[in-house]
$ cat coords13.cif   # mmCIF, C-alpha atoms
data_run
#
loop_
_atom_site.group_PDB
_atom_site.id
_atom_site.type_symbol
_atom_site.label_atom_id
_atom_site.label_comp_id
_atom_site.auth_asym_id
_atom_site.auth_seq_id
_atom_site.Cartn_x
_atom_site.Cartn_y
_atom_site.Cartn_z
ATOM 1 C CA MET A 1 -7.313 -5.739 -20.139
ATOM 2 C CA GLU A 2 -7.353 -7.889 -23.254
ATOM 3 C CA ASN A 3 -4.550 -10.427 -22.841
ATOM 4 C CA TRP A 4 -3.890 -13.345 -20.540
ATOM 5 C CA SER A 5 -1.164 -11.575 -18.558
ATOM 6 C CA GLU A 6 -3.644 -8.919 -17.450
ATOM 7 C CA TYR A 7 -6.113 -11.534 -16.206
ATOM 8 C CA THR A 8 -3.301 -13.324 -14.425
ATOM 9 C CA ARG A 9 -2.383 -10.057 -12.714
ATOM 10 C CA LEU A 10 -6.017 -9.602 -11.662
ATOM 11 C CA PHE A 11 -6.041 -13.125 -10.209
ATOM 12 C CA ILE A 12 -2.879 -12.411 -8.217
ATOM 13 C CA ALA A 13 -4.131 -8.992 -7.124
ATOM 14 C CA LEU A 14 -7.466 -10.320 -5.837
ATOM 15 C CA THR A 15 -5.800 -13.224 -4.045
ATOM 16 C CA VAL A 16 -3.317 -10.890 -2.360
ATOM 17 C CA ILE A 17 -5.963 -8.301 -1.471
ATOM 18 C CA MET A 18 -8.321 -10.819 0.136
ATOM 19 C CA ASP A 19 -5.381 -12.668 1.738
ATOM 20 C CA PRO A 20 -7.125 -15.902 2.832
ATOM 21 C CA PHE A 21 -4.206 -16.727 5.127
ATOM 22 C CA MET A 22 -5.009 -13.655 7.204
ATOM 23 C CA ALA A 23 -8.511 -15.021 7.719
ATOM 24 C CA LEU A 24 -7.305 -18.372 9.084
ATOM 25 C CA PRO A 25 -6.816 -17.314 12.743
ATOM 26 C CA ILE A 26 -10.167 -15.489 12.724
ATOM 27 C CA LEU A 27 -11.966 -18.479 11.203
ATOM 28 C CA ILE A 28 -10.437 -20.889 13.712
ATOM 29 C CA ALA A 29 -11.196 -18.617 16.670
ATOM 30 C CA ASP A 30 -14.771 -17.821 15.612
ATOM 31 C CA THR A 31 -15.604 -21.473 14.954
ATOM 32 C CA ALA A 32 -14.001 -22.861 18.099
ATOM 33 C CA GLY A 33 -16.163 -25.728 19.338
ATOM 34 C CA PHE A 34 -17.756 -26.237 15.920
ATOM 35 C CA SER A 35 -17.803 -29.725 14.436
ATOM 36 C CA ARG A 36 -15.982 -30.301 11.159
ATOM 37 C CA PRO A 37 -19.221 -30.247 9.096
ATOM 38 C CA GLU A 38 -20.319 -27.039 10.851
ATOM 39 C CA ARG A 39 -17.013 -25.314 10.096
ATOM 40 C CA ALA A 40 -17.154 -26.561 6.498
ATOM 41 C CA ARG A 41 -20.625 -25.026 6.186
ATOM 42 C CA VAL A 42 -19.322 -21.680 7.487
ATOM 43 C CA VAL A 43 -16.553 -21.797 4.878
ATOM 44 C CA ARG A 44 -19.017 -22.576 2.071
ATOM 45 C CA ILE A 45 -21.269 -19.703 3.125
ATOM 46 C CA ALA A 46 -18.305 -17.320 3.296
ATOM 47 C CA VAL A 47 -16.943 -18.270 -0.130
ATOM 48 C CA PHE A 48 -20.397 -18.164 -1.738
ATOM 49 C CA THR A 49 -21.026 -14.717 -0.257
ATOM 50 C CA VAL A 50 -17.655 -13.410 -1.479
ATOM 51 C CA THR A 51 -18.324 -14.736 -4.984
ATOM 52 C CA VAL A 52 -21.803 -13.183 -5.204
ATOM 53 C CA VAL A 53 -20.696 -9.815 -3.790
ATOM 54 C CA LEU A 54 -17.762 -9.487 -6.184
ATOM 55 C CA LEU A 55 -19.735 -10.621 -9.234
ATOM 56 C CA VAL A 56 -22.598 -8.231 -8.480
ATOM 57 C CA THR A 57 -20.290 -5.270 -7.862
ATOM 58 C CA ALA A 58 -18.215 -6.080 -10.945
ATOM 59 C CA TRP A 59 -21.235 -6.063 -13.249
ATOM 60 C CA SER A 60 -23.028 -3.139 -11.589
ATOM 61 C CA GLY A 61 -19.968 -1.054 -10.718
ATOM 62 C CA GLU A 62 -20.141 1.223 -13.775
ATOM 63 C CA SER A 63 -23.793 2.012 -13.072
ATOM 64 C CA ILE A 64 -22.952 2.785 -9.445
ATOM 65 C CA LEU A 65 -20.166 5.168 -10.483
ATOM 66 C CA THR A 66 -22.466 6.885 -12.982
ATOM 67 C CA TRP A 67 -25.196 7.248 -10.360
ATOM 68 C CA MET A 68 -22.695 8.724 -7.912
ATOM 69 C CA GLY A 69 -21.298 11.075 -10.550
ATOM 70 C CA THR A 70 -17.781 9.735 -9.932
ATOM 71 C CA SER A 71 -15.249 9.297 -12.722
ATOM 72 C CA LEU A 72 -13.296 6.065 -13.087
ATOM 73 C CA GLY A 73 -10.043 8.008 -12.632
ATOM 74 C CA SER A 74 -11.185 9.342 -9.270
ATOM 75 C CA PHE A 75 -12.323 5.878 -8.238
ATOM 76 C CA ARG A 76 -8.943 4.435 -9.204
ATOM 77 C CA VAL A 77 -7.111 6.982 -7.060
ATOM 78 C CA GLY A 78 -9.478 6.389 -4.138
ATOM 79 C CA GLY A 79 -9.291 2.625 -4.545
ATOM 80 C CA GLY A 80 -5.500 2.813 -4.732
ATOM 81 C CA ILE A 81 -5.390 4.739 -1.456
ATOM 82 C CA VAL A 82 -7.549 2.064 0.205
ATOM 83 C CA LEU A 83 -5.253 -0.657 -1.129
ATOM 84 C CA LEU A 84 -2.178 1.223 0.100
ATOM 85 C CA LEU A 85 -3.640 1.563 3.602
ATOM 86 C CA MET A 86 -4.395 -2.160 3.574
ATOM 87 C CA ALA A 87 -0.844 -2.890 2.406
ATOM 88 C CA LEU A 88 0.676 -0.791 5.195
ATOM 89 C CA ALA A 89 -1.441 -2.649 7.746
ATOM 90 C CA MET A 90 -0.377 -6.000 6.259
ATOM 91 C CA LEU A 91 3.293 -5.004 6.397
ATOM 92 C CA GLN A 92 2.788 -4.558 10.135
ATOM 93 C CA ALA A 93 1.051 -7.957 10.313
ATOM 94 C CA ARG A 94 -2.193 -6.526 11.643
ATOM 95 C CA THR A 95 -5.793 -6.398 10.408
ATOM 96 C CA ASP A 96 -6.655 -3.230 8.520
ATOM 97 C CA ARG A 97 -9.430 -1.130 10.121
ATOM 98 C CA SER A 98 -11.031 -0.628 6.694
ATOM 99 C CA ARG A 99 -11.906 -4.320 6.766
ATOM 100 C CA THR A 100 -13.281 -4.578 10.287
ATOM 101 C CA SER A 101 -12.816 -3.034 13.711
ATOM 102 C CA PRO A 102 -12.023 -4.942 16.938
ATOM 103 C CA ASN A 103 -15.487 -4.099 18.285
ATOM 104 C CA GLU A 104 -17.117 -5.552 15.169
ATOM 105 C CA GLN A 105 -15.096 -8.741 15.537
ATOM 106 C CA LEU A 106 -16.118 -9.170 19.182
ATOM 107 C CA ASP A 107 -19.785 -8.441 18.490
ATOM 108 C CA LEU A 108 -20.333 -10.199 15.195
ATOM 109 C CA ALA A 109 -18.313 -13.321 15.944
ATOM 110 C CA THR A 110 -21.079 -14.476 18.288
ATOM 111 C CA ARG A 111 -23.646 -14.716 15.522
ATOM 112 C CA ALA A 112 -24.519 -17.874 13.651
ATOM 113 C CA SER A 113 -23.917 -16.101 10.349
ATOM 114 C CA ILE A 114 -20.190 -15.558 10.869
ATOM 115 C CA GLY A 115 -19.644 -17.008 7.404
ATOM 116 C CA VAL A 116 -21.267 -13.860 6.013
ATOM 117 C CA VAL A 117 -20.219 -11.307 8.651
ATOM 118 C CA PRO A 118 -17.425 -10.684 9.473
ATOM 119 C CA LEU A 119 -15.647 -13.425 7.489
ATOM 120 C CA ALA A 120 -16.964 -12.724 3.975
ATOM 121 C CA ILE A 121 -17.929 -9.084 4.548
ATOM 122 C CA PRO A 122 -15.898 -7.034 5.232
ATOM 123 C CA LEU A 123 -12.864 -9.243 5.924
ATOM 124 C CA LEU A 124 -12.524 -10.908 2.503
ATOM 125 C CA ALA A 125 -14.856 -9.015 0.165
ATOM 126 C CA GLY A 126 -13.907 -5.638 1.597
ATOM 127 C CA PRO A 127 -13.361 -2.204 0.030
ATOM 128 C CA GLY A 128 -10.091 -3.260 -1.599
ATOM 129 C CA ALA A 129 -11.512 -6.300 -3.407
ATOM 130 C CA ILE A 130 -14.688 -4.476 -4.441
ATOM 131 C CA SER A 131 -12.816 -1.481 -5.874
ATOM 132 C CA THR A 132 -10.399 -3.802 -7.683
ATOM 133 C CA VAL A 133 -13.107 -5.732 -9.558
ATOM 134 C CA ILE A 134 -14.949 -2.528 -10.507
ATOM 135 C CA ILE A 135 -11.742 -1.014 -11.910
ATOM 136 C CA ALA A 136 -10.864 -4.264 -13.702
ATOM 137 C CA MET A 137 -14.297 -4.535 -15.314
ATOM 138 C CA ASN A 138 -13.966 -1.042 -16.788
ATOM 139 C CA ARG A 139 -10.539 -1.549 -18.347
ATOM 140 C CA SER A 140 -11.832 -2.986 -21.607
ATOM 141 C CA GLN A 141 -14.967 -2.932 -23.772
ATOM 142 C CA ALA A 142 -14.281 -6.328 -25.366
ATOM 143 C CA GLU A 143 -17.293 -8.633 -25.416
ATOM 144 C CA THR A 144 -15.515 -11.449 -23.583
ATOM 145 C CA HIS A 145 -13.846 -9.192 -21.025
ATOM 146 C CA GLY A 146 -16.681 -9.305 -18.492
ATOM 147 C CA LEU A 147 -16.835 -13.085 -18.706
ATOM 148 C CA MET A 148 -13.066 -13.354 -18.156
ATOM 149 C CA VAL A 149 -13.181 -11.074 -15.103
ATOM 150 C CA SER A 150 -16.053 -13.181 -13.744
ATOM 151 C CA LEU A 151 -14.018 -16.334 -14.347
ATOM 152 C CA VAL A 152 -11.093 -14.842 -12.427
ATOM 153 C CA ILE A 153 -13.424 -14.051 -9.509
ATOM 154 C CA VAL A 154 -14.667 -17.651 -9.472
ATOM 155 C CA LEU A 155 -11.106 -19.026 -9.595
ATOM 156 C CA VAL A 156 -10.027 -16.788 -6.702
ATOM 157 C CA SER A 157 -13.076 -17.988 -4.759
ATOM 158 C CA LEU A 158 -11.944 -21.584 -5.316
ATOM 159 C CA VAL A 159 -8.552 -20.683 -3.864
ATOM 160 C CA LEU A 160 -10.309 -19.078 -0.885
ATOM 161 C CA TRP A 161 -12.365 -22.226 -0.330
ATOM 162 C CA LEU A 162 -9.291 -24.454 -0.513
ATOM 163 C CA VAL A 163 -7.290 -22.381 1.984
ATOM 164 C CA LEU A 164 -10.186 -21.905 4.420
ATOM 165 C CA HIS A 165 -11.262 -25.549 4.127
ATOM 166 C CA MET A 166 -7.745 -26.576 5.198
ATOM 167 C CA ALA A 167 -7.498 -23.860 7.868
ATOM 168 C CA GLU A 168 -6.228 -25.999 10.754
ATOM 169 C CA PRO A 169 -3.543 -27.980 8.828
ATOM 170 C CA ILE A 170 -2.235 -24.812 7.148
ATOM 171 C CA ALA A 171 -2.175 -22.833 10.408
ATOM 172 C CA LYS A 172 -0.311 -25.641 12.180
ATOM 173 C CA ALA A 173 2.177 -26.050 9.320
ATOM 174 C CA LEU A 174 3.000 -22.348 9.015
ATOM 175 C CA GLY A 175 2.718 -21.413 12.668
ATOM 176 C CA ASP A 176 2.146 -17.880 13.906
ATOM 177 C CA MET A 177 5.498 -16.654 12.589
ATOM 178 C CA GLY A 178 4.955 -18.196 9.168
ATOM 179 C CA LEU A 179 1.525 -16.576 8.836
ATOM 180 C CA LYS A 180 2.969 -13.184 9.767
ATOM 181 C CA ILE A 181 5.793 -13.515 7.231
ATOM 182 C CA LEU A 182 3.324 -14.489 4.499
ATOM 183 C CA HIS A 183 1.047 -11.634 5.536
ATOM 184 C CA ARG A 184 3.904 -9.123 5.193
ATOM 185 C CA LEU A 185 4.924 -10.560 1.825
ATOM 186 C CA PHE A 186 1.378 -10.114 0.550
ATOM 187 C CA GLY A 187 1.446 -6.577 1.947
ATOM 188 C CA LEU A 188 4.552 -5.735 -0.067
ATOM 189 C CA ILE A 189 2.961 -7.052 -3.276
ATOM 190 C CA LEU A 190 -0.248 -5.164 -2.527
ATOM 191 C CA ALA A 191 1.674 -1.909 -1.977
ATOM 192 C CA ALA A 192 3.114 -2.183 -5.489
ATOM 193 C CA ILE A 193 -0.357 -2.880 -6.914
ATOM 194 C CA ALA A 194 -1.778 0.122 -5.019
ATOM 195 C CA VAL A 195 0.842 2.482 -6.431
ATOM 196 C CA GLU A 196 0.129 1.292 -9.976
ATOM 197 C CA VAL A 197 -3.637 1.734 -9.534
ATOM 198 C CA MET A 198 -3.183 5.267 -8.173
ATOM 199 C CA SER A 199 -0.727 6.088 -10.950
ATOM 200 C CA ASN A 200 -3.208 5.045 -13.660
ATOM 201 C CA GLY A 201 -5.948 7.040 -11.957
ATOM 202 C CA LEU A 202 -3.825 10.185 -11.735
ATOM 203 C CA LYS A 203 -2.872 9.871 -15.418
ATOM 204 C CA GLU A 204 -6.540 9.656 -16.306
ATOM 205 C CA LEU A 205 -7.405 12.699 -14.169
ATOM 206 C CA PHE A 206 -4.364 14.689 -15.319
ATOM 207 C CA PRO A 207 -3.452 13.622 -18.897
ATOM 208 C CA VAL A 208 -0.321 15.797 -18.774
ATOM 209 C CA LEU A 209 1.203 13.211 -16.410
ATOM 210 C CA ALA A 210 0.922 10.535 -19.115
ATOM 211 C CA GLY A 211 3.421 12.443 -21.217
#

$ encode --input "coords13.cif" --output "structure tokens"
Amino acid sequence: MENWSEYTRLFIALTVIMDPFMALPILIADTAGFSRPERARVVRIAVFTVTVVLLVTAWSGESILTWMGTSLGSFRVGGGIVLLLMALAMLQARTDRSRTSPNEQLDLATRASIGVVPLAIPLLAGPGAISTVIIAMNRSQAETHGLMVSLVIVLVSLVLWLVLHMAEPIAKALGDMGLKILHRLFGLILAAIAVEVMSNGLKELFPVLAG
């Protein structure tokens, strides 16, 4: 990952995987009755948490894989499967169970820390986003590569903040049907990304496939 197009693809992939538009109805529902400053604080906490989680996992991901005795190829295949499951759920305009279960939403939404759980973790910074940044960080040994991946994470977090900060206007403008259409479109893009990630992982595990 040493050219601008690859970093652009990572930006698009992370934005699609986290899908801030999917989080809009959950944010609005969980902060019903909150004042505008209170909701803004929840959004700031959520975005800050997402940024920290992704940066920490990006920089420590290789050590985690080494400690677990897992090869990057295996992780790519596993991460691709997770992304594909998320994509299939998005194509059906529903929340993927790998992010959060209905019981978790009902239980955790009552807590004051909804900006952290379930909004940031696992809804936004879930298995798909975490696996994506770990894979991206290990795609190059260039000195500036880690800094560029970190910059992409920060830029995606800014997009998250912008969308979540304008949750009510965006939700009203798009409507329920518009959100579902956008959700399915993101699902289609994510499915293509998932297939590519799995393909690269399989080629690494079975070099004969690369030929």

$ resolve_selection --input "coords13.cif" --expression "the PyMOL selection byres ((chain A and resi 158) around 12)" --output "PyMOL selection string"
chain A and resi 11+15+20+43-44+46-48+50-51+151-157+159-165

$ write_last_selection --input "coords13.cif" --atoms "C-alpha atoms" --output "PDB file, in the coordinates of the input"
ATOM      1  CA  PHE A  11      -6.041 -13.125 -10.209  1.00  0.00           C
ATOM      2  CA  THR A  15      -5.800 -13.224  -4.045  1.00  0.00           C
ATOM      3  CA  PRO A  20      -7.125 -15.902   2.832  1.00  0.00           C
ATOM      4  CA  VAL A  43     -16.553 -21.797   4.878  1.00  0.00           C
ATOM      5  CA  ARG A  44     -19.017 -22.576   2.071  1.00  0.00           C
ATOM      6  CA  ALA A  46     -18.305 -17.320   3.296  1.00  0.00           C
ATOM      7  CA  VAL A  47     -16.943 -18.270  -0.130  1.00  0.00           C
ATOM      8  CA  PHE A  48     -20.397 -18.164  -1.738  1.00  0.00           C
ATOM      9  CA  VAL A  50     -17.655 -13.410  -1.479  1.00  0.00           C
ATOM     10  CA  THR A  51     -18.324 -14.736  -4.984  1.00  0.00           C
ATOM     11  CA  LEU A 151     -14.018 -16.334 -14.347  1.00  0.00           C
ATOM     12  CA  VAL A 152     -11.093 -14.842 -12.427  1.00  0.00           C
ATOM     13  CA  ILE A 153     -13.424 -14.051  -9.509  1.00  0.00           C
ATOM     14  CA  VAL A 154     -14.667 -17.651  -9.472  1.00  0.00           C
ATOM     15  CA  LEU A 155     -11.106 -19.026  -9.595  1.00  0.00           C
ATOM     16  CA  VAL A 156     -10.027 -16.788  -6.702  1.00  0.00           C
ATOM     17  CA  SER A 157     -13.076 -17.988  -4.759  1.00  0.00           C
ATOM     18  CA  VAL A 159      -8.552 -20.683  -3.864  1.00  0.00           C
ATOM     19  CA  LEU A 160     -10.309 -19.078  -0.885  1.00  0.00           C
ATOM     20  CA  TRP A 161     -12.365 -22.226  -0.330  1.00  0.00           C
ATOM     21  CA  LEU A 162      -9.291 -24.454  -0.513  1.00  0.00           C
ATOM     22  CA  VAL A 163      -7.290 -22.381   1.984  1.00  0.00           C
ATOM     23  CA  LEU A 164     -10.186 -21.905   4.420  1.00  0.00           C
ATOM     24  CA  HIS A 165     -11.262 -25.549   4.127  1.00  0.00           C
TER      25      HIS A 165
END

$ closest_residue --input "coords13.cif" --among "A:Leu91, A:Thr132, A:Met18, A:Ile12" --to "Gly79 of chain A" --atoms "all atoms listed in the file"
A:Thr132

$ atom_distance --input "coords13.cif" --atom1 "atom CA of Lys203 of chain A" --atom2 "atom CA of Ala89 of chain A"
26.4 Å

$ closest_residue --input "coords13.cif" --among "A:Ser74, A:Gly175, A:Ser35, A:Thr49" --to "Pro122 of chain A" --atoms "all atoms listed in the file"
A:Thr49

$ residues_around --input "coords13.cif" --residues "Leu72 of chain A" --least-positions-apart "3" --cutoff "8 Å" --atoms "only C-alpha atoms" --output "list of chain:residue names"
A:Leu65, A:Phe75, A:Arg76, A:Ile135, A:Gly201

$ atom_distance --input "coords13.cif" --atom1 "atom CA of Gly78 of chain A" --atom2 "atom CA of Leu55 of chain A"
20.5 Å

$ closest_residue --input "coords13.cif" --among "A:Phe206, A:Tyr7, A:Phe186, A:Trp59" --to "Leu84 of chain A" --atoms "all atoms listed in the file"
A:Phe186

$ residues_around --input "coords13.cif" --residues "Ala191 of chain A" --least-positions-apart "6" --cutoff "8 Å" --atoms "all atoms listed in the file" --output "JSON, numbers by chain"
{"A": [83, 84, 87, 88]}

$ closest_residue --input "coords13.cif" --among "A:Val77, A:Met148, A:Leu205, A:Ile17" --to "Leu123 of chain A" --atoms "all atoms listed in the file"
A:Ile17

$ closest_residue --input "coords13.cif" --among "A:Ser199, A:Ser113, A:Ser131, A:Gln141" --to "Thr31 of chain A" --atoms "only C-alpha atoms"
A:Ser113

$ atom_distance --input "coords13.cif" --atom1 "atom CA of Gly33 of chain A" --atom2 "atom CA of Leu124 of chain A"
22.7 Å

$ closest_residue --input "coords13.cif" --among "A:Met68, A:Val208, A:Ala120, A:Gly80" --to "Ile45 of chain A" --atoms "only C-alpha atoms"
A:Ala120

$ resolve_selection --input "coords13.cif" --expression "the PyMOL selection byres ((chain A and resi 58) around 10)" --output "PyMOL selection string"
chain A and resi 52-57+59-62+130-138+146+149-150+153

$ resolve_selection --input "coords13.cif" --expression "the PyMOL selection byres ((chain A and resi 180) around 12)" --output "VMD selection string"
chain A and resid 19 21 to 25 89 to 95 171 174 to 179 181 to 187

$ write_last_selection --input "coords13.cif" --atoms "C-alpha atoms" --output "PDB file, in the coordinates of the input"
ATOM      1  CA  ASP A  19      -5.381 -12.668   1.738  1.00  0.00           C
ATOM      2  CA  PHE A  21      -4.206 -16.727   5.127  1.00  0.00           C
ATOM      3  CA  MET A  22      -5.009 -13.655   7.204  1.00  0.00           C
ATOM      4  CA  ALA A  23      -8.511 -15.021   7.719  1.00  0.00           C
ATOM      5  CA  LEU A  24      -7.305 -18.372   9.084  1.00  0.00           C
ATOM      6  CA  PRO A  25      -6.816 -17.314  12.743  1.00  0.00           C
ATOM      7  CA  ALA A  89      -1.441  -2.649   7.746  1.00  0.00           C
ATOM      8  CA  MET A  90      -0.377  -6.000   6.259  1.00  0.00           C
ATOM      9  CA  LEU A  91       3.293  -5.004   6.397  1.00  0.00           C
ATOM     10  CA  GLN A  92       2.788  -4.558  10.135  1.00  0.00           C
ATOM     11  CA  ALA A  93       1.051  -7.957  10.313  1.00  0.00           C
ATOM     12  CA  ARG A  94      -2.193  -6.526  11.643  1.00  0.00           C
ATOM     13  CA  THR A  95      -5.793  -6.398  10.408  1.00  0.00           C
ATOM     14  CA  ALA A 171      -2.175 -22.833  10.408  1.00  0.00           C
ATOM     15  CA  LEU A 174       3.000 -22.348   9.015  1.00  0.00           C
ATOM     16  CA  GLY A 175       2.718 -21.413  12.668  1.00  0.00           C
ATOM     17  CA  ASP A 176       2.146 -17.880  13.906  1.00  0.00           C
ATOM     18  CA  MET A 177       5.498 -16.654  12.589  1.00  0.00           C
ATOM     19  CA  GLY A 178       4.955 -18.196   9.168  1.00  0.00           C
ATOM     20  CA  LEU A 179       1.525 -16.576   8.836  1.00  0.00           C
ATOM     21  CA  ILE A 181       5.793 -13.515   7.231  1.00  0.00           C
ATOM     22  CA  LEU A 182       3.324 -14.489   4.499  1.00  0.00           C
ATOM     23  CA  HIS A 183       1.047 -11.634   5.536  1.00  0.00           C
ATOM     24  CA  ARG A 184       3.904  -9.123   5.193  1.00  0.00           C
ATOM     25  CA  LEU A 185       4.924 -10.560   1.825  1.00  0.00           C
ATOM     26  CA  PHE A 186       1.378 -10.114   0.550  1.00  0.00           C
ATOM     27  CA  GLY A 187       1.446  -6.577   1.947  1.00  0.00           C
TER      28      GLY A 187
END
